[in-house]
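Here's run16.cif, which has mmCIF, C-alpha atoms and all ligand atoms:
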```cif
data_final
loop_
_atom_site.label_atom_id
_atom_site.label_comp_id
_atom_site.auth_asym_id
_atom_site.auth_seq_id
_atom_site.Cartn_x
_atom_site.Cartn_y
_atom_site.Cartn_z
CA MET A 108 -113.36 24.76 -69.48
CA SER A 109 -116.69 26.05 -68.30
CA SER A 110 -117.80 28.63 -70.84
CA PRO A 111 -119.47 27.50 -74.05
CA SER A 112 -117.68 30.30 -75.88
CA GLU A 113 -114.35 28.61 -75.19
CA ALA A 114 -113.40 25.44 -76.98
CA ALA A 115 -114.00 22.39 -74.80
CA PRO A 116 -112.30 19.09 -75.37
CA SER A 117 -114.58 16.31 -76.50
CA ASN A 118 -113.44 14.16 -73.59
CA THR A 119 -115.26 16.14 -70.89
CA ASP A 120 -118.71 14.96 -69.84
CA ARG A 121 -120.39 18.37 -69.89
CA VAL A 122 -122.89 18.84 -72.73
CA TYR A 123 -123.96 22.39 -73.59
CA ILE A 124 -127.61 22.85 -74.45
CA PHE A 125 -128.23 25.26 -77.34
CA ASP A 126 -131.92 25.99 -77.60
CA THR A 127 -133.23 27.16 -80.97
CA THR A 128 -136.96 27.26 -80.18
CA LEU A 129 -137.01 30.98 -80.96
CA ARG A 130 -135.25 30.53 -84.32
CA ASP A 131 -135.61 27.08 -85.90
CA GLY A 132 -138.68 26.40 -83.74
CA GLU A 133 -140.35 29.57 -84.91
CA GLN A 134 -139.73 28.50 -88.52
CA SER A 135 -142.41 25.86 -87.97
CA PRO A 136 -145.42 26.89 -90.07
CA GLY A 137 -147.90 28.76 -87.90
CA ALA A 138 -145.57 29.04 -84.89
CA THR A 139 -144.74 32.75 -85.21
CA MET A 140 -144.44 34.42 -81.80
CA THR A 141 -144.88 38.03 -80.75
CA LEU A 142 -142.08 39.89 -78.97
CA GLU A 143 -143.87 39.47 -75.65
CA GLU A 144 -144.22 35.72 -76.20
CA LYS A 145 -140.56 35.40 -77.20
CA LEU A 146 -139.51 37.23 -74.05
CA GLN A 147 -141.55 34.82 -71.93
CA VAL A 148 -139.97 31.82 -73.64
CA ALA A 149 -136.46 33.29 -73.36
CA GLU A 150 -136.99 33.97 -69.67
CA ILE A 151 -137.83 30.38 -68.83
CA LEU A 152 -134.98 29.05 -71.01
CA ASP A 153 -132.54 31.35 -69.23
CA THR A 154 -133.90 30.37 -65.81
CA MET A 155 -133.80 26.63 -66.46
CA GLY A 156 -130.09 26.64 -67.34
CA VAL A 157 -130.00 26.61 -71.15
CA ASP A 158 -126.41 27.49 -72.06
CA ILE A 159 -127.05 29.18 -75.41
CA ILE A 160 -130.34 30.66 -76.60
CA GLU A 161 -130.59 31.20 -80.34
CA ALA A 162 -132.97 34.13 -80.11
CA GLY A 163 -133.66 34.66 -83.82
CA PHE A 164 -132.44 35.59 -87.26
CA PRO A 165 -131.78 39.35 -86.99
CA ILE A 166 -131.70 40.12 -90.74
CA ALA A 167 -135.04 38.36 -91.31
CA SER A 168 -137.16 41.29 -90.12
CA ASN A 169 -137.09 44.32 -87.83
CA GLY A 170 -139.21 42.32 -85.41
CA ASP A 171 -136.65 39.52 -85.31
CA PHE A 172 -133.85 42.02 -84.79
CA GLU A 173 -135.72 43.66 -81.92
CA ALA A 174 -136.44 40.28 -80.32
CA VAL A 175 -132.79 39.20 -80.44
CA ALA A 176 -131.57 42.58 -79.17
CA THR A 177 -134.12 42.69 -76.32
CA ILE A 178 -133.43 39.11 -75.24
CA ALA A 179 -129.70 39.90 -75.41
CA LYS A 180 -130.19 42.84 -73.05
CA ARG A 181 -132.32 40.87 -70.58
CA ALA A 182 -130.65 37.44 -70.42
CA LYS A 183 -128.94 36.87 -67.09
CA ASN A 184 -127.05 33.65 -67.72
CA ALA A 185 -127.26 32.30 -71.25
CA VAL A 186 -125.14 33.17 -74.25
CA ILE A 187 -127.44 34.83 -76.82
CA ALA A 188 -126.93 33.80 -80.43
CA GLY A 189 -128.18 35.41 -83.62
CA LEU A 190 -128.24 33.53 -86.92
CA ALA A 191 -126.65 34.87 -90.11
CA ARG A 192 -126.32 33.49 -93.62
CA ALA A 193 -122.87 33.68 -95.19
CA ILE A 194 -123.63 37.20 -96.35
CA PRO A 195 -121.80 40.28 -95.00
CA ALA A 196 -125.01 42.23 -94.27
CA ASP A 197 -126.46 39.29 -92.31
CA ILE A 198 -123.34 38.97 -90.19
CA ASP A 199 -123.23 42.69 -89.42
CA ARG A 200 -126.91 42.68 -88.44
CA ALA A 201 -126.47 39.63 -86.19
CA GLY A 202 -123.44 41.28 -84.59
CA GLU A 203 -125.46 44.46 -83.95
CA ALA A 204 -128.26 42.50 -82.28
CA VAL A 205 -126.14 40.34 -79.98
CA ARG A 206 -123.71 43.04 -78.93
CA PHE A 207 -126.16 43.98 -76.16
CA ALA A 208 -125.67 40.59 -74.48
CA LYS A 209 -123.35 39.87 -71.57
CA ARG A 210 -122.17 37.05 -73.82
CA GLY A 211 -123.20 37.11 -77.46
CA ARG A 212 -122.60 34.73 -80.35
CA ILE A 213 -122.84 35.02 -84.12
CA HIS A 214 -123.96 31.78 -85.72
CA THR A 215 -123.19 31.77 -89.43
CA PHE A 216 -123.87 28.97 -91.89
CA VAL A 217 -123.37 27.99 -95.50
CA SER A 218 -124.47 24.94 -97.45
CA THR A 219 -121.83 22.29 -98.06
CA SER A 220 -123.60 19.38 -99.76
CA PRO A 221 -123.28 18.69 -103.51
CA ILE A 222 -127.07 18.91 -103.84
CA HIS A 223 -127.18 22.40 -102.34
CA LEU A 224 -124.05 23.55 -104.16
CA ALA A 225 -125.41 22.45 -107.53
CA HIS A 226 -129.06 23.44 -107.25
CA GLN A 227 -129.28 26.22 -104.72
CA MET A 228 -125.95 28.01 -104.50
CA LYS A 229 -124.46 27.29 -107.92
CA LYS A 230 -120.97 27.41 -106.39
CA THR A 231 -117.90 25.18 -106.52
CA GLU A 232 -116.31 23.60 -103.45
CA ASP A 233 -113.40 26.04 -103.66
CA GLU A 234 -115.77 28.99 -103.75
CA VAL A 235 -117.59 27.66 -100.67
CA LEU A 236 -114.28 27.24 -98.83
CA GLU A 237 -113.43 30.85 -99.56
CA ILE A 238 -116.84 31.93 -98.27
CA VAL A 239 -116.31 29.99 -95.04
CA THR A 240 -113.01 31.74 -94.36
CA LYS A 241 -114.32 35.20 -95.28
CA THR A 242 -117.56 35.02 -93.30
CA VAL A 243 -116.10 33.48 -90.16
CA THR A 244 -113.30 36.06 -90.23
CA GLN A 245 -115.86 38.86 -90.58
CA ALA A 246 -117.86 37.49 -87.65
CA ARG A 247 -114.73 37.06 -85.51
CA ASN A 248 -113.85 40.71 -86.13
CA LEU A 249 -117.17 41.59 -84.49
CA ILE A 250 -117.28 39.12 -81.60
CA ASP A 251 -115.17 36.41 -79.91
CA ASP A 252 -117.83 33.73 -79.91
CA VAL A 253 -118.54 32.46 -83.44
CA GLU A 254 -120.34 29.30 -84.47
CA TRP A 255 -120.12 27.93 -87.97
CA SER A 256 -122.59 25.42 -89.49
CA GLY A 257 -122.28 23.44 -92.69
CA MET A 258 -125.85 23.23 -93.89
CA ASP A 259 -126.91 19.78 -95.10
CA ALA A 260 -123.72 18.43 -93.55
CA THR A 261 -125.03 14.88 -93.36
CA ARG A 262 -125.29 14.72 -97.17
CA THR A 263 -121.83 16.20 -97.65
CA PRO A 264 -118.77 14.03 -98.36
CA ILE A 265 -116.76 13.93 -95.14
CA GLU A 266 -113.53 14.99 -96.90
CA PHE A 267 -115.06 18.30 -98.04
CA LEU A 268 -116.85 18.86 -94.73
CA ALA A 269 -113.51 18.33 -92.96
CA ARG A 270 -111.83 20.96 -95.18
CA CYS A 271 -114.63 23.45 -94.45
CA THR A 272 -114.43 22.70 -90.72
CA GLU A 273 -110.67 23.18 -90.66
CA ALA A 274 -111.03 26.50 -92.51
CA ALA A 275 -113.78 27.69 -90.15
CA ILE A 276 -111.70 26.89 -87.07
CA LYS A 277 -108.63 28.52 -88.61
CA ALA A 278 -110.70 31.67 -89.23
CA GLY A 279 -111.78 31.70 -85.58
CA ALA A 280 -114.95 29.63 -85.18
CA THR A 281 -115.14 28.20 -81.65
CA THR A 282 -118.18 25.98 -82.28
CA ILE A 283 -118.65 23.74 -85.31
CA ASN A 284 -122.21 22.63 -85.91
CA ILE A 285 -122.97 19.60 -88.08
CA PRO A 286 -126.65 19.86 -89.07
CA ASP A 287 -128.71 16.95 -90.24
CA THR A 288 -130.77 19.59 -92.04
CA VAL A 289 -133.18 17.21 -93.74
CA GLY A 290 -133.36 14.57 -91.00
CA TYR A 291 -131.77 11.93 -93.23
CA SER A 292 -129.20 10.42 -90.89
CA THR A 293 -129.33 7.30 -88.77
CA PRO A 294 -127.61 7.17 -85.37
CA GLU A 295 -124.85 5.00 -86.86
CA ASP A 296 -124.24 7.46 -89.74
CA TYR A 297 -124.24 10.45 -87.46
CA TYR A 298 -121.90 8.84 -84.91
CA ALA A 299 -119.44 7.99 -87.70
CA LEU A 300 -119.64 11.50 -89.17
CA ILE A 301 -118.93 13.33 -85.91
CA LYS A 302 -116.23 10.91 -84.81
CA GLY A 303 -114.64 10.91 -88.26
CA LEU A 304 -114.57 14.72 -88.42
CA ILE A 305 -113.03 15.09 -84.97
CA GLU A 306 -110.33 12.62 -85.99
CA MET A 307 -109.70 14.05 -89.48
CA VAL A 308 -109.68 17.77 -88.79
CA PRO A 309 -106.17 18.70 -87.55
CA ASN A 310 -107.38 21.66 -85.40
CA SER A 311 -110.58 19.98 -84.12
CA ASP A 312 -109.43 20.32 -80.50
CA GLN A 313 -109.86 24.10 -80.82
CA ALA A 314 -113.65 23.94 -81.20
CA ILE A 315 -116.74 22.39 -79.64
CA PHE A 316 -118.58 20.12 -82.05
CA SER A 317 -122.34 20.46 -82.07
CA THR A 318 -125.32 18.38 -83.17
CA HIS A 319 -128.35 19.85 -84.92
CA CYS A 320 -130.76 17.09 -85.91
CA HIS A 321 -134.11 17.33 -87.64
CA ASN A 322 -136.80 14.76 -87.05
CA ASP A 323 -138.03 13.82 -90.54
CA LEU A 324 -137.50 10.11 -89.85
CA GLY A 325 -138.20 10.35 -86.12
CA MET A 326 -134.53 9.95 -85.20
CA ALA A 327 -133.52 13.47 -84.16
CA VAL A 328 -133.01 12.67 -80.48
CA ALA A 329 -131.29 9.32 -81.15
CA ASN A 330 -129.00 11.02 -83.66
CA SER A 331 -128.16 13.84 -81.24
CA LEU A 332 -127.25 11.34 -78.53
CA ALA A 333 -125.13 9.37 -81.00
CA GLY A 334 -123.34 12.64 -81.81
CA VAL A 335 -122.61 13.20 -78.14
CA ARG A 336 -121.22 9.68 -77.81
CA ALA A 337 -118.97 10.47 -80.78
CA GLY A 338 -117.56 13.59 -79.12
CA ALA A 339 -120.03 16.45 -79.76
CA ARG A 340 -120.47 18.57 -76.65
CA GLN A 341 -123.23 20.93 -77.76
CA VAL A 342 -126.73 19.77 -78.66
CA GLU A 343 -129.06 22.05 -80.61
CA CYS A 344 -132.67 21.38 -79.80
CA THR A 345 -136.07 22.94 -79.19
CA ILE A 346 -138.77 22.71 -76.54
CA ASN A 347 -141.46 20.22 -77.59
CA GLY A 348 -139.30 19.42 -80.64
CA LEU A 349 -140.79 22.44 -82.42
CA GLY A 350 -139.20 23.20 -85.78
CA GLU A 351 -139.22 23.04 -89.57
CA ARG A 352 -141.29 20.16 -91.02
CA ALA A 353 -141.21 17.32 -88.46
CA GLY A 354 -139.25 19.48 -86.04
CA ASN A 355 -135.91 19.46 -84.27
CA ALA A 356 -134.55 17.21 -81.52
CA ALA A 357 -136.69 17.81 -78.42
CA LEU A 358 -134.74 19.45 -75.61
CA GLU A 359 -136.71 17.70 -72.87
CA GLU A 360 -136.05 14.29 -74.42
CA VAL A 361 -132.32 14.85 -74.88
CA VAL A 362 -131.92 16.16 -71.34
CA MET A 363 -134.00 13.44 -69.67
CA ALA A 364 -132.32 10.69 -71.70
CA LEU A 365 -128.93 11.91 -70.49
CA ARG A 366 -130.21 12.11 -66.93
CA THR A 367 -132.17 8.86 -66.83
CA ARG A 368 -129.63 6.74 -68.72
CA ALA A 369 -126.45 8.09 -67.18
CA ASP A 370 -125.26 4.48 -67.10
CA ALA A 371 -125.22 4.28 -70.90
CA LEU A 372 -124.76 8.01 -71.60
CA PRO A 373 -122.35 9.36 -68.96
CA TYR A 374 -122.73 13.07 -69.75
CA HIS A 375 -124.47 15.90 -67.95
CA THR A 376 -126.18 19.17 -68.74
CA ASN A 377 -126.89 22.26 -66.68
CA ILE A 378 -130.67 22.01 -67.08
CA GLU A 379 -132.87 22.20 -63.98
CA THR A 380 -135.29 19.56 -65.18
CA THR A 381 -138.16 20.53 -62.87
CA HIS A 382 -138.81 23.45 -65.26
CA LEU A 383 -139.41 21.19 -68.27
CA SER A 384 -143.16 20.80 -67.94
CA ARG A 385 -143.73 24.54 -67.56
CA ALA A 386 -141.37 25.33 -70.45
CA SER A 387 -143.39 22.96 -72.63
CA LYS A 388 -146.64 24.70 -71.70
CA VAL A 389 -145.20 28.19 -72.20
CA VAL A 390 -143.87 27.30 -75.67
CA SER A 391 -147.05 25.48 -76.66
CA ALA A 392 -149.15 28.53 -75.73
CA ALA A 393 -146.73 31.06 -77.27
CA ALA A 394 -146.42 29.18 -80.57
CA ASN A 395 -150.06 28.12 -80.53
CA PHE A 396 -148.85 24.59 -81.11
CA PRO A 397 -150.48 21.76 -79.16
CA VAL A 398 -148.33 19.03 -77.63
CA GLN A 399 -149.37 15.52 -78.63
CA TYR A 400 -150.86 13.57 -75.68
CA ASN A 401 -148.27 10.79 -75.87
CA LYS A 402 -145.25 13.08 -76.34
CA ALA A 403 -142.32 11.77 -74.29
CA ILE A 404 -141.61 13.65 -71.03
CA VAL A 405 -144.15 16.49 -71.39
CA GLY A 406 -147.24 14.98 -73.05
CA LYS A 407 -150.48 14.82 -71.04
CA ASN A 408 -150.18 11.01 -70.93
CA ALA A 409 -146.44 10.79 -70.24
CA PHE A 410 -147.13 9.92 -66.59
CA ALA A 411 -150.68 8.54 -66.88
CA HIS A 412 -151.58 4.87 -66.53
CA GLU A 413 -154.84 3.19 -67.42
CA SER A 414 -154.22 -0.53 -67.62
CA GLY A 415 -155.19 -2.51 -64.52
CA ILE A 416 -151.87 -4.35 -64.45
CA HIS A 417 -149.88 -1.12 -64.64
CA GLN A 418 -152.07 0.66 -62.09
CA ASP A 419 -151.70 -2.26 -59.68
CA GLY A 420 -147.92 -2.15 -60.12
CA MET A 421 -147.79 1.62 -59.68
CA LEU A 422 -149.80 1.42 -56.45
CA LYS A 423 -147.33 -1.13 -55.11
CA ASN A 424 -144.17 0.65 -56.28
CA ALA A 425 -143.83 3.42 -58.88
CA SER A 426 -140.59 1.99 -60.26
CA THR A 427 -142.61 -0.89 -61.77
CA TYR A 428 -143.84 1.26 -64.66
CA GLU A 429 -142.07 4.63 -64.41
CA ILE A 430 -138.41 5.20 -65.29
CA MET A 431 -138.37 8.76 -63.97
CA THR A 432 -140.56 10.59 -61.48
CA PRO A 433 -143.14 13.12 -62.66
CA GLU A 434 -141.75 15.51 -60.05
CA SER A 435 -138.34 15.43 -61.77
CA VAL A 436 -139.84 17.15 -64.82
CA GLY A 437 -142.11 19.44 -62.84
CA ILE A 438 -145.34 17.42 -62.94
CA LYS A 439 -147.08 17.13 -59.56
CA SER A 440 -147.89 13.44 -59.66
CA THR A 441 -148.58 10.35 -61.67
CA SER A 442 -152.20 9.99 -62.74
CA LEU A 443 -154.09 6.74 -62.66
CA VAL A 444 -156.81 7.24 -65.23
CA MET A 445 -160.04 5.39 -64.52
CA GLY A 446 -161.16 3.47 -67.60
CA LYS A 447 -162.25 0.05 -68.75
CA HIS A 448 -158.72 -1.29 -68.34
CA SER A 449 -158.53 -0.29 -64.66
CA GLY A 450 -158.60 -3.04 -62.03
CA ARG A 451 -160.02 -3.43 -58.52
CA HIS A 452 -156.85 -2.17 -56.80
CA ALA A 453 -156.91 1.19 -58.58
CA PHE A 454 -160.69 1.50 -58.20
CA LYS A 455 -160.44 0.95 -54.44
CA GLU A 456 -157.70 3.63 -54.23
CA LYS A 457 -159.85 6.02 -56.26
CA LEU A 458 -162.77 5.47 -53.89
CA LYS A 459 -160.46 6.10 -50.95
CA ASP A 460 -159.27 9.36 -52.57
CA LEU A 461 -162.88 10.39 -53.02
CA GLY A 462 -163.57 9.62 -49.34
CA TYR A 463 -165.47 6.32 -49.65
CA GLU A 464 -164.96 2.98 -48.00
CA LEU A 465 -167.51 0.40 -49.13
CA ALA A 466 -168.46 -2.96 -47.68
CA ASP A 467 -167.23 -5.83 -49.81
CA ASN A 468 -170.55 -6.60 -51.52
CA GLN A 469 -171.16 -2.90 -52.24
CA PHE A 470 -167.63 -2.59 -53.62
CA GLN A 471 -168.07 -5.59 -55.95
CA GLU A 472 -171.38 -4.27 -57.23
CA THR A 473 -170.04 -0.71 -57.77
CA PHE A 474 -166.93 -2.00 -59.48
CA GLN A 475 -169.02 -4.01 -61.94
CA ARG A 476 -171.21 -0.98 -62.70
CA PHE A 477 -168.08 1.16 -63.15
CA LYS A 478 -166.73 -1.38 -65.70
CA ASP A 479 -170.04 -1.33 -67.60
CA LEU A 480 -169.98 2.46 -67.64
CA ALA A 481 -166.34 2.54 -68.82
CA ASP A 482 -167.29 0.29 -71.72
CA ARG A 483 -169.82 2.87 -72.88
CA LYS A 484 -167.97 6.07 -72.06
CA LYS A 485 -164.57 7.38 -73.24
CA HIS A 486 -163.87 9.33 -70.06
CA VAL A 487 -165.04 8.26 -66.61
CA TYR A 488 -164.83 11.31 -64.39
CA ASP A 489 -164.74 11.46 -60.59
CA ASP A 490 -168.32 12.75 -60.66
CA ASP A 491 -169.43 9.61 -62.56
CA ILE A 492 -167.87 7.42 -59.88
CA ILE A 493 -169.41 9.48 -57.09
CA ALA A 494 -172.83 9.08 -58.74
CA LEU A 495 -172.36 5.29 -58.96
CA VAL A 496 -171.37 5.04 -55.30
CA ASP A 497 -174.20 7.29 -54.10
CA ASP A 498 -176.63 5.24 -56.11
CA GLU A 499 -175.27 1.98 -54.68
CA MET A 500 -175.35 3.30 -51.12
CA GLY A 501 -178.86 4.62 -51.59
CA SER A 502 -180.14 1.32 -52.89
CA SER A 503 -178.56 -0.94 -50.23
O1 LIG A 601 -131.10 22.73 -90.15
C1 LIG A 601 -130.18 23.53 -90.43
O2 LIG A 601 -129.30 23.23 -91.23
C2 LIG A 601 -130.19 24.82 -89.78
C3 LIG A 601 -128.98 25.67 -89.95
C4 LIG A 601 -129.33 27.09 -90.18
C5 LIG A 601 -128.08 25.50 -88.76
O3 LIG A 601 -131.12 25.15 -89.08
ZN ZN A 602 -132.35 23.41 -88.51
#
```

In structure tokens, what does this structure look like?
Ligand code: KIV
Ligand code: ZN
Amino acid sequence: MSSPSEAAPSNTDRVYIFDTTLRDGEQSPGATMTLEEKLQVAEILDTMGVDIIEAGFPIASNGDFEAVATIAKRAKNAVIAGLARAIPADIDRAGEAVRFAKRGRIHTFVSTSPIHLAHQMKKTEDEVLEIVTKTVTQARNLIDDVEWSGMDATRTPIEFLARCTEAAIKAGATTINIPDTVGYSTPEDYYALIKGLIEMVPNSDQAIFSTHCHNDLGMAVANSLAGVRAGARQVECTINGLGERAGNAALEEVVMALRTRADALPYHTNIETTHLSRASKVVSAAANFPVQYNKAIVGKNAFAHESGIHQDGMLKNASTYEIMTPESVGIKSTSLVMGKHSGRHAFKEKLKDLGYELADNQFQETFQRFKDLADRKKHVYDDDIIALVDDEMGSS
């Protein structure tokens, strides 16, 4: 089956990417985006092959409604989802917003864990089960494509989560999302949960199972990949890992892990990975959220090398220290950063790039002066090196 709105068996190798940068990502403190910014982000997500874009939470504000409705009208390829609590007015509002889409989805959720039931919802398990059936049925009466999430699923006993899942599928949900809402899971836990659910729920073959992992313990991507190995075929994620608290699983990391480690993770997505770097920059600017320098895949240093040993290896063959090419994620080239750890090989290449070829004694002298400078200075720029060479040439 090729459409994410139809149930796909968990034994296919196609993984649907559900991007929630504009919903869960925007819930990151300080990351609020204007309509114009959201449209820019949605455009690149749609272009790069994201299967489902969660464009917002339509009941949250008129602005959110307008953003979801406008993205729904403009999207060319992706399914457009709107989030709704298990409240009739939320579901109606989400349905109104996504009805403009070529393919729309209502994503409704309710808490399932004992902690949430006791302290937040003050409901019994039976009452929650009734809510699941009622709300999914309401959503299905508005649209064919309905996703149901059990909030705080990873702290919910599997027996109760399985009953909720079965009820949601019976009421018409075509995607079942299992959120690790508080980022508590380990890859082993999450694998067992997804696999166990798929095995326990009698109608599990009628829905796509989905991962939604938060990064509180730094395991969101590992957990998402464990979920895929266990049979999930939708991954919910955000560009740059933007999201509540420590964020969500980073889309670029999930996608590049699947691509780079196809030997261990034999699954594929529809993402055109050469757009990843630009998507990261667009989201960072829109959300006013800087990307850490050493962020995997899209950080400024992700393809930069400073150590002499690494630079020497890279100049001989890039596969020595790079497991993917910068071009594959839309970065022009690897950068060999000149610093105190750089060696003669990289320095000679740098001089060549700058248009210099020095006699051996001049080279040795300039290299030593470059090392002394790098010891004193955090950044050695091309202009610093040019000044050293000019000085050396002038004095010899
Ligand atoms: O983390 C979470 O549980 C969520 C749900 C709304 C899916 O974001
Ligand atoms: Zn979330």

Give the residues close to ligand ZN 602 (chain A), within 8 Å, counting all atoms listed in the file; write them as a PyMOL selection string. chain A and resi 131+286-288+319-321+350-351+355

Just to be explicit: take each residue in the selection above, keep C-alpha atoms, and write the result as a CSV table (one decimal), keeping the file's coordinate frame.
```csv
chain,number,residue,atom,x,y,z
A,131,ASP,CA,-135.6,27.1,-85.9
A,286,PRO,CA,-126.6,19.9,-89.1
A,287,ASP,CA,-128.7,17.0,-90.2
A,288,THR,CA,-130.8,19.6,-92.0
A,319,HIS,CA,-128.4,19.8,-84.9
A,320,CYS,CA,-130.8,17.1,-85.9
A,321,HIS,CA,-134.1,17.3,-87.6
A,350,GLY,CA,-139.2,23.2,-85.8
A,351,GLU,CA,-139.2,23.0,-89.6
A,355,ASN,CA,-135.9,19.5,-84.3
```

Would you mind listing the residues within 10 Å of ligand LIG 601 (chain A), counting only C-alpha atoms and all ligand atoms, as a PyMOL selection string? chain A and resi 127+130-132+134+164+190-192+214-218+254-261+284-290+318-321+343+350-351+354-355

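The protein and nucleic acid residues lying at most 8 Å from Val342 in chain A are Val122, Tyr123, Ile124, Phe125, Ser317, Thr318, His319, Ser331, Val335, Ala339, Arg340 and Cys344 of chain A, with all atoms listed in the file considered and sequence neighbours fewer than 2 positions away removed.
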
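Going from CA of Ile160 in chain A to CA of Ile187 in chain A covers 5.1 Å.
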
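Distance-wise, CA of Leu268 in chain A and CA of Pro221 in chain A end up 10.9 Å apart.
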
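The shell of residues at most 7 Å from Ala176 in chain A, with all atoms listed in the file counted and near chain neighbours (fewer than 5 positions) removed, consists of Ala204, Val205 and Phe207 of chain A.
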
Applying 9 Å and all atoms listed in the file, which residues near range 271-275 of chain A remain after dropping the ones on its own chain fewer than 5 positions away? List them as a list of chain:residue names. A:Thr219, A:Val235, A:Leu236, A:Glu237, A:Val239, A:Thr240, A:Thr242, A:Val243, A:Thr244, A:Glu254, A:Trp255, A:Ser256, A:Gly257, A:Glu266, A:Ala280, A:Thr281, A:Ile283, A:Leu304, A:Val308, A:Pro309, A:Asn310, A:Ser311

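Among the candidates A:Ser391, A:Gln418, A:Asn330, A:Thr293, the one nearest to Gln147 in chain A when counting only C-alpha atoms is A:Ser391.
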
Between A:Arg206, A:Arg262, A:Arg385, A:Arg247, single out the one closest to Ile222 in chain A, counting only C-alpha atoms. A:Arg262
